[in-house]
Amino acid sequence: MILSKKQIKLFNDIISPNVNNISVLGSTQSGKTYDICGALIQYANRLNQYEKEQRKKERYIPREYNGAIIGWTTDTVKSNIVDNLENILKKEYHFTNGKEYVLKFGQQDKYLEIYNMRFYFFGFNNKLSFNRILGKPLIFVWVDEAARIYEGQLMESFDEIPGRQMSYAGHPYYKRIDSFNVEGNENHPYKLRYIDTTDWVKYVFYPFDNPVLDTEEKIREAVNAFPPGSLREQKVFNKWVIAEGRVFTQINKLDSLDGFIIREIGIGCDYGSVNPTTFVPIALCYHQESRKWVIVRLEIYYHDPAVEGDTPTTEYYSFQFRMFLAYLKDKYPNIPITEFVIDSEAAHFDNRLTVDKIPHSISKKGAGSVDRDNQYMQSLFYKGYLYVLEKPSIRYFTNDGHYQESVKDEGLIELEGYRYDKLRSEKEGTNCYVKDRDHSRDGLAYILALFKETGRSPVV
């Protein structure tokens, strides 16, 4: 492994005895995760040698060793950590799975076994996550995306993690590593609890600490991966800053789909009985000019009871959705509509759709999901992967299939007016948003998250 000086120092701290708690703040593409992956293999080797020596001593009680590698979800653990581990074991060590090590990542078993030590993989994105972390003692714990996890309802469970390591207190190879990006400002609860008031060994990694980024052009490209503003300050320059102003400072608008070839359409829905209900379709398109696959938000359905002076039922919106489907099929013939995802909190609408036999799925929410989705959309807009087709929104359909349009694009207006809540952000330490006129933003986020999860929207 080719490592920078800072990576070598972190590597040595991980494999060395009596360096118990390590904090690693790192910007995107700074090489911190790859470094930790390589080090934990040698950590297991060192621990194995230590145990062999101890077993030679009279009256020594032999011990078995387990570790936990924790991330936001099992999917992010797989992409961020497991894939790196497998790459290092095969290409750097020339090891074979099933021989020098055993790596499993199936529905049931998720672990790496090497040098007589087993590292289990876990997600930690909901209140029940901690209960899934095995009850047996752990000598090693690595929490990736630690600052993202340490928010809201997950904080209490997160603080209980050291309890899994209590039986190894005083052991020279007791090890806890937290790696993370900046997730807010100076008052972020993780920063206050685990950075400002602990004596952990602390590292801060930047893009130039990654030897793979060995030219000015590569570093500039890494910096430009995020749009200018608070997101870049946080994710690239590791600054705990307050986000303020407009969230989407760059929105790529279209007045036609000339040059875009649509492959499929998916729809996201934010449902409200009193608040607006919106159906937000997106199209996976091939952009002929740039020669890349992009996402285009098509014209939307946006019904506001306060404007229309009505009190719609779930039956009403089920009918409206069927009419909207017919509209899309007529407007975009021969294009498959493959997904319909609704707000996870819209239980009554979910039941109605089920009764009406309308296929749909439920959005996946969790602690920090709004901030995470906003950051994703910001990057998609900035890198030219997300466009908005500016068209008047549809207010409602009549029983005979005709529809009434608004004079404006309600969804675009919402995106342009969507703002950070500076006062609440400063108080809570996390990126907070003004909860007003964000309905089409939510619908867009739900379907984009599903497209991203299924490989139909780019990872940026």
# chains A, B, ... in the order shown; residues from 1 in each chain; ligands from 1
>>> residues_around(residues="range 298-302 of chain A", least_positions_apart="4", cutoff="8 Å", atoms="only C-alpha atoms", output="PyMOL selection string")
chain A and resi 276-283+324+388-396+409-411+440
>>> select_by_dssp(residues="range 145-377 of chain A", states="strand (DSSP E)", output="PyMOL selection string")
chain A and resi 175-180+201-205+252-254+260-270+277-287+292-297+301-303+337-342+361-362
>>> residues_around(residues="Asn399 in chain A", least_positions_apart="3", cutoff="9 Å", atoms="only C-alpha atoms", output="list in words")
Phe319, Met323 and His402 of chain A
>>> residues_around(residues="Val212 in chain A", least_positions_apart="4", cutoff="10 Å", atoms="only C-alpha atoms", output="number ranges by chain")
A: 2-4, 29-31, 207-208, 218-219
>>> write_last_selection(atoms="N, CA, C and O atoms", output="tab-separated table (two decimals), in the first residue's frame")
chain	number	residue	atom	x	y	z
A	2	ILE	N	0.57	2.16	-0.91
A	2	ILE	CA	1.27	3.44	-0.96
A	2	ILE	C	0.51	4.42	-0.08
A	2	ILE	O	-0.64	4.75	-0.36
A	3	LEU	N	1.16	4.91	0.97
A	3	LEU	CA	0.50	5.77	1.93
A	3	LEU	C	1.27	7.07	2.10
A	3	LEU	O	2.49	7.12	1.96
A	4	SER	N	0.52	8.14	2.42
A	4	SER	CA	1.16	9.41	2.74
A	4	SER	C	1.69	9.36	4.17
A	4	SER	O	1.42	8.42	4.92
A	29	GLN	N	-12.84	11.78	-0.22
A	29	GLN	CA	-11.68	11.34	-1.01
A	29	GLN	C	-10.36	11.73	-0.37
A	29	GLN	O	-9.37	12.00	-1.06
A	30	SER	N	-10.30	11.72	0.95
A	30	SER	CA	-9.05	12.05	1.64
A	30	SER	C	-8.22	10.81	1.94
A	30	SER	O	-7.10	10.92	2.45
A	31	GLY	N	-8.76	9.62	1.68
A	31	GLY	CA	-8.00	8.39	1.88
A	31	GLY	C	-8.10	7.80	3.27
A	31	GLY	O	-7.44	6.80	3.55
A	207	PRO	N	-8.05	16.33	1.06
A	207	PRO	CA	-7.76	15.65	-0.21
A	207	PRO	C	-6.27	15.49	-0.50
A	207	PRO	O	-5.85	14.47	-1.04
A	208	PHE	N	-5.47	16.50	-0.13
A	208	PHE	CA	-4.04	16.40	-0.44
A	208	PHE	C	-3.32	15.39	0.44
A	208	PHE	O	-2.13	15.11	0.22
A	218	LYS	N	-6.06	16.84	-9.97
A	218	LYS	CA	-6.88	15.86	-9.28
A	218	LYS	C	-7.45	16.43	-7.98
A	218	LYS	O	-8.61	16.19	-7.63
A	219	ILE	N	-6.64	17.19	-7.26
A	219	ILE	CA	-7.11	17.80	-6.02
A	219	ILE	C	-8.20	18.82	-6.32
A	219	ILE	O	-9.21	18.90	-5.62
>>> residues_around(residues="range 146-156 of chain A", least_positions_apart="5", cutoff="9 Å", atoms="only C-alpha atoms", output="PyMOL selection string")
chain A and resi 70-72+124-127+129-130+178-183+188-191+367-368+430
>>> closest_residue(among="A:Tyr418, A:Phe321, A:Phe340, A:Phe349", to="Gly272 in chain A", atoms="only C-alpha atoms")
A:Phe349
>>> closest_residue(among="A:Ile413, A:Leu89, A:Leu448, A:Val223", to="Ile265 in chain A", atoms="only C-alpha atoms")
A:Leu448
>>> closest_residue(among="A:Ser157, A:Gln108, A:Thr28, A:Arg55", to="Glu145 in chain A", atoms="only C-alpha atoms")
A:Thr28
>>> closest_residue(among="A:Thr215, A:Thr198, A:Ser23, A:Ser344", to="Ser361 in chain A", atoms="only C-alpha atoms")
A:Ser344
>>> closest_residue(among="A:Lys383, A:Gly245, A:Asp304, A:Gly98", to="Ser290 in chain A", atoms="only C-alpha atoms")
A:Lys383
>>> atom_distance(atom1="CA of Phe121 in chain A", atom2="CA of Ile69 in chain A")
4.9 Å
>>> residues_around(residues="Gln42 in chain A", least_positions_apart="4", cutoff="12 Å", atoms="only C-alpha atoms", output="list in words")
Phe11, Asn12, Asp13, Ile14, Ile15, Ser16, Asp35, Ile36, Cys37, Gly38, Arg46, Leu47, Asn48, Gln49, Leu85, Ile88, Leu89, Tyr93, Ile114, Tyr115 and Met117 of chain A
>>> closest_residue(among="A:Thr33, A:Ser167, A:Asn187, A:Thr338", to="Gln7 in chain A", atoms="only C-alpha atoms")
A:Thr33
>>> select_by_dssp(residues="range 159-351 of chain A", states="helix (DSSP H, G or I)", output="PyMOL selection string")
chain A and resi 159+161-168+189-195+207-209+216-223+230-235+305-308+314-331+347-351
